[in-house]
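Chemist: I am attaching a structure below and will ask some questions about it afterwards.
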Amino acid sequence: MARERTGADGSDSCRVVYLLGSGATQGCISHSGSRHNITMDGLSRTISDQVHLRVIEKYEDHAGIRRLVNTAMISQENLDIEQMITFLEDTPASEYRDFADDLRDVFSYVLRARLKDVENELGKSRSRLYAALVDMHEVAGNSEQLQGFLTLNYDILLEHAIVKDLGRKVDYGIAPSRVDGTGRHITVLKMHGSFGWSRNWPIEIKLRHGDGVWIPPGIKKPKNDYPFNLIWGRARELLDCDVVRIIGCNLGPNDWDLLSLLFSTRHTHASAQPYAIEVIATRPTVERIRNLFPYLEVRWLPELPKIGDQLVGELLGSGPRRYNNLPEDLQSQANDKAQQSITNPFSFWLKMMCERLVTDVGDLSTKSGVFRKFTDAIA
């Protein structure tokens with residue numbers, strides 16, 4: 001049983017950690033009107049095209065690699081590039097290991113190009129939803145304390161929101177001496193690295209996308225070397241919390257290291273009950289995670305405290321109702337309505353949180369005014 005959403009001192013406050021995947025950045029840019037797709041589904045065709053060009057340039061005389069590309073990478077619409085890279089890295093033949101490096105290079109090139117397209121398209125507004133999320137925790141009377149972020153994303157949109165939109169600083173968990181003592185920093189642990197880092201010591205951090213320091217896609221994610229050994233250690237400490245809120249992260253078997261971290265911090269704490277895990281996603285995504293990893297005991301939007309009952313009422317055209325108390329037919333009806341109406345779970349959930357805060361505290365003012373602007377825009 002997950003712990004109740006109260007602080008460790010028994011107060012009404014609770015410590016929240018966010019886990020972000022590519023769907024969170026997609027939700028962020030879609031909210032601002034982007035036509036681009038930066039998730040793997042949106043990148044796969046361009047990656048395939050670029051891989052074919054690379055094969056023509058480098059492997060025209062290699063029948064095995066040509067056959068691999070023309071069968072496994074074309075005929076399978078749901079190709080898992082992480083698995084492909086891992087399998088190629090494990091082959092004894094050097095040409096195939098070199099090809100795995102080419103796949104990583106192509107992935108980086110395509111994603112960074114798409115992120116540049118988004119920047120040109122949206123400008124400063126590209127990180128607006130992330131900024132509103134962070135600033136929500138600055139509302140006086142909000143019982144949720146932002147403990148920090150774990151992110152699997154290579155992009156720098158979250159950091160852009162914190163630094164440029166909110167005028168705050170980022171603690172990446174790798175250079176404590178750079179963090180000021182004002183308490184205005186936000187902890188952002190980039191579990192797989194960043195396109196905004198340069199390979200120096202200490203790591204050089206910039207708010208623009210470049211070659212980066214990052215763990216490429218693959219099932220095996222080496223994290224014993226600097227800076228990832230520090231980051232993953234800090235992540236374990238950060239997860240001493242009350243709620244983990246997952247946004248845009250389709251947890252799957254490839255995320256074994258992350259799942260191990262979640263399991264161990266959730267179930268083996270020396271003194272606390274398991275933290276709650278809330279998944280901000282579509283119903284099919286939540287059901288897939290629930291079926292694959294039942295020990296996480298994930299909750300989805302209609303089951304969430306405070307906003308869930310109101311959401312169920314809106315979906316069913318009634319007053320607030322508890323989802324788990326509904327008969328099967330009404331649960332199914334609520335599920336269908338949610339699937340039809342919630343196209344961007346990230347922005348939808350933040351809107352619901354805004355409505356809840358209006359009811360609970362009334363005044364949504366913050367130092368930056370970013371959350372108030374978000375509220376006014378959706379009113």
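Residue numbering restarts at 1 for every chain of the structure tokens, chains are lettered A, B, ... in their displayed order, and ligands are numbered from 1 as they appear.
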Mind the document's chain letters and residue numbers, and return as a PyMOL selection string the residues of segment 64-229 of chain A that DSSP labels alpha helix (DSSP H).

Modeler: chain A and resi 64-71+81-89+94-122+128-136+157-160+228-229

Chemist: Would you pick out the contacts of segment 41-51 of chain A at 8 Å or less, using only C-alpha atoms, so that residues sharing its chain but fewer than 3 positions from it are not included, and give the list as a PDB file with N, CA, C and O atoms, in the first residue's frame?

Modeler:
```pdb
ATOM      1  N   HIS A  36       5.823  19.538 -34.642  1.00  0.00           N
ATOM      2  CA  HIS A  36       6.877  18.526 -34.691  1.00  0.00           C
ATOM      3  C   HIS A  36       6.663  17.451 -33.634  1.00  0.00           C
ATOM      4  O   HIS A  36       6.062  17.682 -32.589  1.00  0.00           O
ATOM      5  N   ASN A  37       7.208  16.266 -33.917  1.00  0.00           N
ATOM      6  CA  ASN A  37       7.153  15.137 -32.998  1.00  0.00           C
ATOM      7  C   ASN A  37       8.573  14.707 -32.665  1.00  0.00           C
ATOM      8  O   ASN A  37       9.323  14.291 -33.556  1.00  0.00           O
ATOM      9  N   ILE A  38       8.963  14.820 -31.391  1.00  0.00           N
ATOM     10  CA  ILE A  38      10.329  14.485 -30.994  1.00  0.00           C
ATOM     11  C   ILE A  38      10.417  13.130 -30.291  1.00  0.00           C
ATOM     12  O   ILE A  38      11.487  12.749 -29.816  1.00  0.00           O
ATOM     13  N   ARG A  54      23.623   6.404 -44.679  1.00  0.00           N
ATOM     14  CA  ARG A  54      24.892   6.010 -44.079  1.00  0.00           C
ATOM     15  C   ARG A  54      25.381   4.674 -44.666  1.00  0.00           C
ATOM     16  O   ARG A  54      26.577   4.484 -44.889  1.00  0.00           O
ATOM     17  N   VAL A  55      24.448   3.775 -44.916  1.00  0.00           N
ATOM     18  CA  VAL A  55      24.820   2.488 -45.500  1.00  0.00           C
ATOM     19  C   VAL A  55      25.386   2.678 -46.904  1.00  0.00           C
ATOM     20  O   VAL A  55      26.389   2.053 -47.286  1.00  0.00           O
ATOM     21  N   VAL A  69      19.567  -3.864 -42.753  1.00  0.00           N
ATOM     22  CA  VAL A  69      18.827  -2.604 -42.893  1.00  0.00           C
ATOM     23  C   VAL A  69      17.573  -2.796 -43.729  1.00  0.00           C
ATOM     24  O   VAL A  69      16.508  -2.247 -43.407  1.00  0.00           O
ATOM     25  N   MET A  73      15.110  -3.227 -40.352  1.00  0.00           N
ATOM     26  CA  MET A  73      14.865  -1.808 -40.117  1.00  0.00           C
ATOM     27  C   MET A  73      13.810  -1.227 -41.040  1.00  0.00           C
ATOM     28  O   MET A  73      13.415  -0.078 -40.878  1.00  0.00           O
ATOM     29  N   ILE A  74      13.346  -1.977 -41.986  1.00  0.00           N
ATOM     30  CA  ILE A  74      12.317  -1.473 -42.885  1.00  0.00           C
ATOM     31  C   ILE A  74      11.005  -2.223 -42.700  1.00  0.00           C
ATOM     32  O   ILE A  74       9.948  -1.636 -42.571  1.00  0.00           O
ATOM     33  N   ASP A 102      27.279   3.999 -35.709  1.00  0.00           N
ATOM     34  CA  ASP A 102      26.600   4.820 -36.708  1.00  0.00           C
ATOM     35  C   ASP A 102      25.133   5.034 -36.348  1.00  0.00           C
ATOM     36  O   ASP A 102      24.587   6.125 -36.555  1.00  0.00           O
ATOM     37  N   LEU A 103      24.495   4.006 -35.813  1.00  0.00           N
ATOM     38  CA  LEU A 103      23.097   4.153 -35.394  1.00  0.00           C
ATOM     39  C   LEU A 103      22.976   5.197 -34.287  1.00  0.00           C
ATOM     40  O   LEU A 103      22.038   6.009 -34.287  1.00  0.00           O
ATOM     41  N   VAL A 106      23.393   8.632 -35.873  1.00  0.00           N
ATOM     42  CA  VAL A 106      22.203   9.023 -36.625  1.00  0.00           C
ATOM     43  C   VAL A 106      21.097   9.463 -35.676  1.00  0.00           C
ATOM     44  O   VAL A 106      20.425  10.486 -35.909  1.00  0.00           O
ATOM     45  N   PHE A 107      20.889   8.707 -34.612  1.00  0.00           N
ATOM     46  CA  PHE A 107      19.869   9.076 -33.621  1.00  0.00           C
ATOM     47  C   PHE A 107      20.124  10.478 -33.078  1.00  0.00           C
ATOM     48  O   PHE A 107      19.222  11.311 -33.005  1.00  0.00           O
ATOM     49  N   VAL A 110      19.490  13.218 -35.822  1.00  0.00           N
ATOM     50  CA  VAL A 110      18.077  13.424 -36.143  1.00  0.00           C
ATOM     51  C   VAL A 110      17.362  14.135 -35.000  1.00  0.00           C
ATOM     52  O   VAL A 110      16.590  15.083 -35.229  1.00  0.00           O
ATOM     53  N   LEU A 111      17.596  13.703 -33.765  1.00  0.00           N
ATOM     54  CA  LEU A 111      16.916  14.327 -32.634  1.00  0.00           C
ATOM     55  C   LEU A 111      17.344  15.773 -32.457  1.00  0.00           C
ATOM     56  O   LEU A 111      16.509  16.663 -32.239  1.00  0.00           O
TER      57      LEU A 111
END
```

Chemist: What does the distance from atom CA of Asn254 of chain A to atom CA of Gly218 of chain A come to in Å, to one decimal?

Modeler: 7.7 Å

Chemist: I'd like the contact shell of segment 131-148 of chain A - 7 Å cut-off, only C-alpha atoms, skipping same-chain residues fewer than 5 positions apart - returned as a ChimeraX atom specification.

Modeler: /A:12-18,161-162,165-166,186-188,361,364-366,370-371,374

Chemist: Any chance you can output those residues with C-alpha atoms as a PDB file, in the first residue's frame?

Modeler:
```
ATOM      1  CA  ASP A  12      -0.538  17.994   4.869  1.00  0.00           C
ATOM      2  CA  SER A  13       2.531  18.663   2.729  1.00  0.00           C
ATOM      3  CA  CYS A  14       4.172  16.013   0.590  1.00  0.00           C
ATOM      4  CA  ARG A  15       7.492  15.779  -1.231  1.00  0.00           C
ATOM      5  CA  VAL A  16       7.127  15.238  -4.966  1.00  0.00           C
ATOM      6  CA  VAL A  17       9.676  13.955  -7.479  1.00  0.00           C
ATOM      7  CA  TYR A  18       8.954  14.056 -11.209  1.00  0.00           C
ATOM      8  CA  ALA A 161      12.348  26.895 -18.449  1.00  0.00           C
ATOM      9  CA  ILE A 162      14.065  27.044 -15.065  1.00  0.00           C
ATOM     10  CA  ASP A 165      11.593  31.625 -17.894  1.00  0.00           C
ATOM     11  CA  LEU A 166      11.872  31.560 -14.098  1.00  0.00           C
ATOM     12  CA  ILE A 186      15.952  23.176  -8.826  1.00  0.00           C
ATOM     13  CA  THR A 187      17.435  19.678  -8.798  1.00  0.00           C
ATOM     14  CA  VAL A 188      17.424  18.164 -12.300  1.00  0.00           C
ATOM     15  CA  VAL A 361      -5.885  28.531  -1.948  1.00  0.00           C
ATOM     16  CA  LEU A 364      -2.159  31.687  -7.631  1.00  0.00           C
ATOM     17  CA  SER A 365       0.411  34.469  -7.541  1.00  0.00           C
ATOM     18  CA  THR A 366       4.125  33.632  -7.611  1.00  0.00           C
ATOM     19  CA  VAL A 370       4.410  32.293 -14.844  1.00  0.00           C
ATOM     20  CA  PHE A 371       1.813  29.995 -13.301  1.00  0.00           C
ATOM     21  CA  PHE A 374      -0.751  29.765 -17.596  1.00  0.00           C
TER      22      PHE A 374
END
```

Chemist: Considering only C-alpha atoms, return as a list in words whatever protein or nucleic-acid residues lie within 10 Å of Asp101 of chain A, sequence-local ones (same chain, fewer than 5 positions apart) excluded.

Modeler: Ile85, Leu88, Glu89, Glu95, Tyr96, Val106, Phe107 and Pro216 of chain A

Chemist: Going by DSSP on the backbone, which residues of segment 144-253 of chain A come out as strand (DSSP E)? List them as JSON, numbers by chain.

Modeler: {"A": [144, 145, 146, 147, 148, 149, 150, 151, 169, 170, 171, 185, 186, 187, 188, 189, 190, 193, 194, 197, 198, 204, 205, 213, 214, 243, 244, 245, 246, 247]}

Chemist: Would you output that residue set with N, CA and C atoms, as a short mmCIF file (atom, residue, chain, number, x, y, z; two decimals), in the first residue's frame?

Modeler:
```cif
data_model
loop_
_atom_site.label_atom_id
_atom_site.label_comp_id
_atom_site.auth_asym_id
_atom_site.auth_seq_id
_atom_site.Cartn_x
_atom_site.Cartn_y
_atom_site.Cartn_z
N GLU A 144 2.22 20.69 -1.91
CA GLU A 144 3.24 19.85 -2.53
C GLU A 144 4.58 20.58 -2.58
N GLN A 145 5.61 19.92 -2.10
CA GLN A 145 6.97 20.46 -2.14
C GLN A 145 7.74 19.79 -3.27
N LEU A 146 8.23 20.61 -4.19
CA LEU A 146 8.99 20.07 -5.32
C LEU A 146 10.37 19.64 -4.84
N GLN A 147 10.61 18.33 -4.86
CA GLN A 147 11.90 17.81 -4.42
C GLN A 147 12.92 17.76 -5.57
N GLY A 148 12.42 17.61 -6.79
CA GLY A 148 13.33 17.62 -7.93
C GLY A 148 12.81 16.78 -9.08
N PHE A 149 13.65 16.70 -10.13
CA PHE A 149 13.30 15.98 -11.35
C PHE A 149 14.33 14.90 -11.64
N LEU A 150 13.85 13.75 -12.08
CA LEU A 150 14.66 12.77 -12.78
C LEU A 150 14.18 12.81 -14.24
N THR A 151 15.09 12.96 -15.17
CA THR A 151 14.67 13.02 -16.56
C THR A 151 15.53 12.12 -17.41
N LYS A 169 18.16 28.70 -10.81
CA LYS A 169 19.34 27.92 -11.17
C LYS A 169 19.04 26.43 -11.09
N VAL A 170 19.91 25.66 -11.76
CA VAL A 170 19.73 24.21 -11.83
C VAL A 170 20.86 23.52 -11.08
N ASP A 171 20.50 22.58 -10.23
CA ASP A 171 21.47 21.69 -9.59
C ASP A 171 21.42 20.36 -10.34
N HIS A 185 17.55 27.03 -6.33
CA HIS A 185 17.91 26.09 -7.39
C HIS A 185 16.90 24.95 -7.43
N ILE A 186 16.81 24.33 -8.61
CA ILE A 186 15.95 23.18 -8.83
C ILE A 186 16.84 21.99 -9.18
N THR A 187 16.65 20.87 -8.51
CA THR A 187 17.43 19.68 -8.80
C THR A 187 16.89 18.99 -10.05
N VAL A 188 17.77 18.84 -11.05
CA VAL A 188 17.42 18.16 -12.30
C VAL A 188 18.51 17.12 -12.56
N LEU A 189 18.18 15.86 -12.36
CA LEU A 189 19.15 14.78 -12.57
C LEU A 189 18.89 14.14 -13.92
N LYS A 190 19.81 14.35 -14.84
CA LYS A 190 19.67 13.85 -16.21
C LYS A 190 20.29 12.46 -16.26
N GLY A 193 22.24 11.72 -19.36
CA GLY A 193 23.08 12.78 -19.87
C GLY A 193 22.30 13.83 -20.64
N SER A 194 23.03 14.69 -21.36
CA SER A 194 22.41 15.85 -21.99
C SER A 194 23.16 16.28 -23.23
N TRP A 197 25.62 19.40 -22.51
CA TRP A 197 26.87 19.28 -21.76
C TRP A 197 28.05 19.12 -22.71
N SER A 198 29.19 19.60 -22.28
CA SER A 198 30.44 19.41 -23.03
C SER A 198 31.38 18.56 -22.18
N GLU A 204 31.04 21.01 -18.58
CA GLU A 204 30.63 22.35 -18.99
C GLU A 204 29.17 22.30 -19.45
N ILE A 205 28.37 23.18 -18.91
CA ILE A 205 26.93 23.15 -19.16
C ILE A 205 26.51 24.40 -19.92
N VAL A 213 27.13 15.09 -23.63
CA VAL A 213 27.67 13.97 -22.87
C VAL A 213 26.45 13.13 -22.51
N TRP A 214 26.33 11.96 -23.11
CA TRP A 214 25.10 11.22 -22.95
C TRP A 214 25.32 9.73 -23.15
N VAL A 243 5.72 11.14 -3.21
CA VAL A 243 5.06 10.90 -4.50
C VAL A 243 6.09 10.96 -5.61
N VAL A 244 6.05 9.97 -6.50
CA VAL A 244 6.79 10.04 -7.76
C VAL A 244 5.75 10.20 -8.87
N ARG A 245 5.87 11.27 -9.61
CA ARG A 245 4.89 11.58 -10.66
C ARG A 245 5.58 11.40 -12.02
N ILE A 246 5.11 10.45 -12.79
CA ILE A 246 5.73 10.10 -14.06
C ILE A 246 4.97 10.78 -15.19
N ILE A 247 5.69 11.57 -15.99
CA ILE A 247 5.06 12.27 -17.11
C ILE A 247 5.79 11.90 -18.40
#
```

Chemist: Neighbours of Ile174 of chain A within 10 Å (only C-alpha atoms; same-chain residues fewer than 4 positions away dropped), as a PDB file with N, CA, C and O atoms, in the first residue's frame?

Modeler:
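New file around.pdb:
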```pdb
ATOM      1  N   ARG A 178      28.667  24.798  -7.483  1.00  0.00           N
ATOM      2  CA  ARG A 178      28.044  25.824  -8.322  1.00  0.00           C
ATOM      3  C   ARG A 178      26.650  26.209  -7.836  1.00  0.00           C
ATOM      4  O   ARG A 178      26.065  27.151  -8.329  1.00  0.00           O
ATOM      5  N   LEU A 189      18.183  15.863 -12.364  1.00  0.00           N
ATOM      6  CA  LEU A 189      19.145  14.783 -12.569  1.00  0.00           C
ATOM      7  C   LEU A 189      18.886  14.139 -13.924  1.00  0.00           C
ATOM      8  O   LEU A 189      17.856  13.484 -14.127  1.00  0.00           O
ATOM      9  N   PRO A 202      35.402  20.292 -14.640  1.00  0.00           N
ATOM     10  CA  PRO A 202      34.045  19.771 -14.483  1.00  0.00           C
ATOM     11  C   PRO A 202      33.259  19.856 -15.801  1.00  0.00           C
ATOM     12  O   PRO A 202      33.642  20.589 -16.716  1.00  0.00           O
ATOM     13  N   ILE A 203      32.145  19.115 -15.861  1.00  0.00           N
ATOM     14  CA  ILE A 203      31.280  19.154 -17.039  1.00  0.00           C
ATOM     15  C   ILE A 203      30.887  20.597 -17.324  1.00  0.00           C
ATOM     16  O   ILE A 203      30.472  21.336 -16.432  1.00  0.00           O
ATOM     17  N   TYR A 226      32.052   8.684 -14.327  1.00  0.00           N
ATOM     18  CA  TYR A 226      31.664  10.084 -14.117  1.00  0.00           C
ATOM     19  C   TYR A 226      31.075  10.638 -15.424  1.00  0.00           C
ATOM     20  O   TYR A 226      31.582  10.355 -16.491  1.00  0.00           O
ATOM     21  N   PRO A 227      29.979  11.401 -15.361  1.00  0.00           N
ATOM     22  CA  PRO A 227      29.273  11.885 -14.168  1.00  0.00           C
ATOM     23  C   PRO A 227      28.095  11.015 -13.739  1.00  0.00           C
ATOM     24  O   PRO A 227      27.396  11.346 -12.793  1.00  0.00           O
ATOM     25  N   PHE A 228      27.873   9.901 -14.454  1.00  0.00           N
ATOM     26  CA  PHE A 228      26.638   9.147 -14.224  1.00  0.00           C
ATOM     27  C   PHE A 228      26.637   8.408 -12.896  1.00  0.00           C
ATOM     28  O   PHE A 228      25.568   8.175 -12.316  1.00  0.00           O
ATOM     29  N   ASN A 229      27.819   8.059 -12.388  1.00  0.00           N
ATOM     30  CA  ASN A 229      27.853   7.436 -11.074  1.00  0.00           C
ATOM     31  C   ASN A 229      27.337   8.387  -9.995  1.00  0.00           C
ATOM     32  O   ASN A 229      26.630   7.991  -9.070  1.00  0.00           O
ATOM     33  N   LEU A 230      27.664   9.681 -10.137  1.00  0.00           N
ATOM     34  CA  LEU A 230      27.158  10.677  -9.187  1.00  0.00           C
ATOM     35  C   LEU A 230      25.659  10.893  -9.341  1.00  0.00           C
ATOM     36  O   LEU A 230      24.913  10.990  -8.353  1.00  0.00           O
ATOM     37  N   ILE A 231      25.220  10.975 -10.586  1.00  0.00           N
ATOM     38  CA  ILE A 231      23.808  11.277 -10.856  1.00  0.00           C
ATOM     39  C   ILE A 231      22.906  10.173 -10.331  1.00  0.00           C
ATOM     40  O   ILE A 231      21.888  10.440  -9.670  1.00  0.00           O
ATOM     41  N   ARG A 234      22.725  10.293  -6.554  1.00  0.00           N
ATOM     42  CA  ARG A 234      21.842  11.375  -6.106  1.00  0.00           C
ATOM     43  C   ARG A 234      20.375  11.012  -6.321  1.00  0.00           C
ATOM     44  O   ARG A 234      19.503  11.383  -5.522  1.00  0.00           O
TER      45      ARG A 234
END
```

Chemist: Can you write out as CSV which residues of segment 312-340 of chain A fall within 12 Å of segment 296-300 of chain A, alongside each residue's closest atom pair and its distance in Å to one decimal, counting only C-alpha atoms and ordering rows by chain and ascending residue number?

Modeler:
```
residue,atom,partner,partner_atom,distance
A:Val312,CA,A:Trp300,CA,11.7
A:Tyr323,CA,A:Trp300,CA,10.4
A:Asn324,CA,A:Arg299,CA,10.9
A:Asn335,CA,A:Trp300,CA,10.7
A:Ala338,CA,A:Trp300,CA,11.0
```

Chemist: Can you write out the residues you just picked, keeping N, CA and C atoms, as a short mmCIF file (atom, residue, chain, number, x, y, z; two decimals), in the first residue's frame?

Modeler:
```cif
data_model
loop_
_atom_site.label_atom_id
_atom_site.label_comp_id
_atom_site.auth_asym_id
_atom_site.auth_seq_id
_atom_site.Cartn_x
_atom_site.Cartn_y
_atom_site.Cartn_z
N VAL A 312 -13.55 12.51 -12.71
CA VAL A 312 -14.56 11.49 -12.98
C VAL A 312 -15.93 12.13 -13.16
N TYR A 323 -13.49 7.08 -8.50
CA TYR A 323 -13.36 6.14 -9.63
C TYR A 323 -13.43 4.69 -9.16
N ASN A 324 -12.71 4.36 -8.10
CA ASN A 324 -12.65 2.98 -7.65
C ASN A 324 -13.97 2.47 -7.07
N ASN A 335 -13.40 5.66 -18.80
CA ASN A 335 -12.18 5.37 -19.55
C ASN A 335 -12.30 5.81 -21.01
N ALA A 338 -12.27 9.58 -21.29
CA ALA A 338 -10.92 10.10 -21.07
C ALA A 338 -10.06 9.89 -22.31
#
```

Chemist: Nearest to Ile29 of chain A among A:Arg114, A:His52, A:Lys367, A:Arg66, with distances taken over only C-alpha atoms: which residue is it?

Modeler: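 Selected residue with least distance to Ile29 of chain A: A:Arg114.
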
Chemist: When you count only C-alpha atoms, which of these residues is closest to Thr343 of chain A: A:Arg199, A:Gly210, A:Glu119, A:Ala281?

Modeler: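 Nearest to Thr343 of chain A: A:Ala281.
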
Chemist: Neighbouring residues of Pro305 of chain A were defined as those with any atom within 10 Å, considering only C-alpha atoms; residues of the same chain fewer than 3 positions away were excluded. Please report them as a list in words.

Modeler: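 My list of contacting residues is Glu4, Arg5, Glu278, Arg299, Leu301, Pro302, Gly308, Asp309, Gln310 and Arg322 of chain A.
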
Chemist: Restricting the output to N, CA and C atoms, write the selected residues as a compact mmCIF listing (two decimals), in the first residue's frame.

Modeler:
```
# COMPACT_ATOMS: atom_id res chain seq x y z
N GLU A 4 0.28 7.61 2.30
CA GLU A 4 -0.63 8.73 2.06
C GLU A 4 0.15 9.96 1.66
N ARG A 5 -0.51 10.87 0.97
CA ARG A 5 0.18 12.06 0.47
C ARG A 5 0.30 13.10 1.56
N GLU A 278 2.26 8.17 -9.50
CA GLU A 278 1.19 8.68 -10.34
C GLU A 278 1.70 8.79 -11.77
N ARG A 299 -0.98 4.71 -10.24
CA ARG A 299 -2.30 5.32 -10.30
C ARG A 299 -2.37 6.19 -11.55
N LEU A 301 -4.93 9.17 -13.92
CA LEU A 301 -5.59 10.45 -13.66
C LEU A 301 -6.87 10.37 -12.82
N PRO A 302 -7.86 9.54 -13.15
CA PRO A 302 -9.08 9.53 -12.33
C PRO A 302 -8.88 8.99 -10.92
N GLY A 308 -8.87 13.58 -8.91
CA GLY A 308 -9.48 12.41 -9.55
C GLY A 308 -10.99 12.42 -9.49
N ASP A 309 -11.55 12.70 -8.31
CA ASP A 309 -13.01 12.68 -8.17
C ASP A 309 -13.65 13.73 -9.07
N GLN A 310 -13.04 14.92 -9.13
CA GLN A 310 -13.58 15.97 -9.98
C GLN A 310 -13.53 15.57 -11.45
N ARG A 322 -15.85 8.95 -6.85
CA ARG A 322 -14.64 8.17 -6.65
C ARG A 322 -14.56 7.07 -7.72
```

Chemist: Would you list the contacts of Arg208 of chain A as a CSV table (one decimal) with C-alpha atoms, in the first residue's frame, taking every protein, DNA or RNA residue within 9 Å and counting only C-alpha atoms, but skipping same-chain residues closer than 5 positions in sequence?

Modeler:
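Writing done, so here's part14.csv:
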```csv
chain,number,residue,atom,x,y,z
A,155,ASP,CA,17.0,17.9,-24.6
A,156,ILE,CA,17.5,21.1,-22.4
A,160,HIS,CA,15.6,26.5,-20.3
A,195,PHE,CA,23.0,17.4,-25.4
A,196,GLY,CA,23.7,20.6,-23.4
A,197,TRP,CA,26.9,19.3,-21.8
```
